[in-house]
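The structure under discussion appears below in the form of structure tokens.
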Amino acid sequence: MFQSIRKRLNSFIGSTEEQAEKKLAEQQAEEKLTEEQPEQEPTEQAEKEPTEQQAEKKLKVSKVTQVRSALSSRLRLSEKDLDGILWQLQLDLIQSDVAVETAEKILEELKEKLTSQEVEKNKLDSFIKNSLRETLIDILAPEKEIKFLELIRNSPKPVKILFLGVNGTGKTTTMAKAAKYLMDNGFSIIFAAGDTFRAGAIEQLEKHAHNLGVKVIKHSKGADSAAVIYDAIEHATSKNIDVVMADTAGRMHTNINLMDEMKKVCRVNSPDLKIFVGDALTGNDAVEQAREFNKGVGIDAVILTKMDSDAKGGSALSIVHETKKPIILVGMGQSYGDLKEFDVNWFVDEIMS
Ligand code: GDP
């Protein structure tokens with residue numbers, strides 16, 4: 001998991017450390033050279049100075065030397081020192097599915113942190129790692145945190161959740177996984193078969209529902225999606241069901257009809273949580289889709305699927321940075337139990353360790 005980005009971030013840490021050590025060595029060599037300058041021939045005046053004054057001067061010189069050797073184990077990186085390394089990092093991030101704007105923001109923040117203070121030689125490693133870590137955590141900070149389970153617990157019932165996303169990203173499977181997660185935590189669920197467009201979508205959802213023992217509200221293929229979801233909400237209200245999970249159609253996100261349909265679904269049903277489901281393996285496509293759904297209907301949160309596979313990890317950074325919406329859950333496999341609440345520290349540890 002995340003091998004490629006991890007390798008690249010570690011290479012950045014190594015190169016920065018190397019550059020800092022090189023700078024320190026040059027700094028020390030220069031200091032040594034200054035210290036080794038031959039002492040000046042005593043001037044006539046100095047010869048006339050009483051020995052007491054000469055001794056005092058010598059003492060001062062030796063103190064300066066001591067201070068110098070103390071200073072020489074510290075250094076401060078400059079922008080110039082980091083130019084080449086940051087350029088390489090930018091390329092590496094882009095190749096790890098980080099969007100260009102997000103990569104630029106990471107570089108900017110990292111440069112500021114790394115050049116902000118003097119560092120002791122033996123603290124270089126932790127200083128560089130912490131600067132990178134803090135930068136990544138900042139990038140992953142949404143405008144508003146959402147803890148999924150807590151939100152469900154604290155919202156008036158039924159909680160209406162809409163799952164949005166392009167076909168094939170894992171939307172239906174994720175809905176089933178999220179249902180299992182909530183059922184395991186004591187909540188009752190009903191599904192709304194809101195994808196009335198794709199052939200087989202209703203049956204696919206019914207299969208998951210059957211496996212989990214969840215009721216599905218459905219109309220026939222081609223029916224009005226907003227009406228199906230409306231019926232499911234009515235049913236949940238009358239039966240005291242805690243959560244309505246609505247599937248939606250997922251043809252191309254750039255399709256105007258789809259966005260119009262989603263807008264209608266939202267207008268009619270006022271969902272409490274609009275979750276965009278993105279496939280972490282699709283990199284920048286997932287970021288682009290999140291942007292479009294956010295522009296079209298305004299998303300509240302993100303679930304990234306297939307994080308267990310060969311995901312490069314960059315799309316997580318970009319989606320949050322670009323939409324400012326939190327990743328709440330991540331898909332970690334094909335079974336119903338393979339879903340976990342997203343934790344920023346876990347993710348940063350994974351891509352940096
Ligand atoms: P939908 O068209 O968006 O509803 O996508 P599906 O739910 O049908 O999922 C498409 C494929 O992705 C299926 O084979 C799922 O098993 C698989 N899938 C979904 N989530 C994950 C995940 O987190 N990890 C892995 N490895 N596969 C997943």
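Chain labels follow the order of the structure tokens: the first chain is A, the next B, and so on; residue numbering restarts at 1 in every chain, and ligands are counted from 1 in their shown order.
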Distance query Pro158 of chain A at most 8 Å, only C-alpha atoms, self and fewer than 6 positions along chain excluded, as JSON, numbers by chain:
{"A": [233, 236, 237, 240, 241, 242, 243, 244]}
Keeping C-alpha atoms for every residue in the selection just given, could you write it to a file as a short mmCIF file (atom, residue, chain, number, x, y, z; two decimals), in the first residue's frame?
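Writing the result to out39.cif gives the following:
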data_model
loop_
_atom_site.label_atom_id
_atom_site.label_comp_id
_atom_site.auth_asym_id
_atom_site.auth_seq_id
_atom_site.Cartn_x
_atom_site.Cartn_y
_atom_site.Cartn_z
CA ILE A 233 -37.43 8.15 3.51
CA ALA A 236 -37.95 4.83 7.24
CA THR A 237 -39.92 7.54 9.02
CA ASN A 240 -38.48 4.25 12.82
CA ILE A 241 -35.49 3.18 10.76
CA ASP A 242 -32.36 5.10 11.68
CA VAL A 243 -30.59 5.56 8.36
CA VAL A 244 -31.63 5.76 4.71
#
So which residues are near ligand 1, meaning at most 9 Å away with only C-alpha atoms and all ligand atoms counted, given back as a ChimeraX atom specification?
/A:164-177,201,204-205,247,249-250,277-280,304-310,330-335,338-339
Per residue of segment 170-289 of chain A within 12 Å of segment 90-98 of chain A, which atom pair is closest and at what distance in Å (one decimal), using only C-alpha atoms, listed by chain and increasing number, as JSON lines?
{"residue": "A:Ala280", "atom": "CA", "partner": "A:Asp97", "partner_atom": "CA", "distance": 9.2}
{"residue": "A:Leu281", "atom": "CA", "partner": "A:Asp97", "partner_atom": "CA", "distance": 9.0}
{"residue": "A:Thr282", "atom": "CA", "partner": "A:Asp97", "partner_atom": "CA", "distance": 8.5}
{"residue": "A:Gly283", "atom": "CA", "partner": "A:Asp97", "partner_atom": "CA", "distance": 4.9}
{"residue": "A:Asn284", "atom": "CA", "partner": "A:Asp97", "partner_atom": "CA", "distance": 5.9}
{"residue": "A:Asp285", "atom": "CA", "partner": "A:Asp97", "partner_atom": "CA", "distance": 9.3}
{"residue": "A:Ala286", "atom": "CA", "partner": "A:Asp97", "partner_atom": "CA", "distance": 9.8}
{"residue": "A:Val287", "atom": "CA", "partner": "A:Val98", "partner_atom": "CA", "distance": 9.1}
{"residue": "A:Glu288", "atom": "CA", "partner": "A:Asp97", "partner_atom": "CA", "distance": 11.7}
Would you list the contacts of Cys266 of chain A as a tab-separated table (two decimals) with C-alpha atoms, in the first residue's frame, taking every protein, DNA or RNA residue within 10 Å and counting only C-alpha atoms, but skipping same-chain residues closer than 3 positions in sequence?
chain	number	residue	atom	x	y	z
A	162	LEU	CA	-26.72	10.00	-0.54
A	226	ALA	CA	-35.79	11.36	-6.53
A	229	ILE	CA	-35.43	7.96	-2.45
A	260	ASP	CA	-29.53	17.74	-13.12
A	261	GLU	CA	-30.87	14.44	-11.79
A	262	MET	CA	-28.65	14.72	-8.70
A	263	LYS	CA	-29.81	18.30	-8.12
A	269	ASN	CA	-35.02	14.83	-0.38
A	270	SER	CA	-32.69	17.28	1.43
A	271	PRO	CA	-30.03	14.69	2.29
A	272	ASP	CA	-28.15	15.11	5.57
A	274	LYS	CA	-23.84	13.78	0.47
A	297	VAL	CA	-24.53	19.45	-5.88
A	298	GLY	CA	-22.04	20.29	-3.10
Would you mind reading off the distance between atom CA of Lys105 of chain A and atom CA of Arg76 of chain A, one decimal, in Å?
21.8 Å
Could you go through segment 16-203 of chain A and tell me which residues DSSP, when run on the backbone, assigns to alpha helix (DSSP H), listing them as a ChimeraX atom specification?
/A:16-35,44-48,51-71,79-95,100-114,124-139,148-154,171-184,201-203
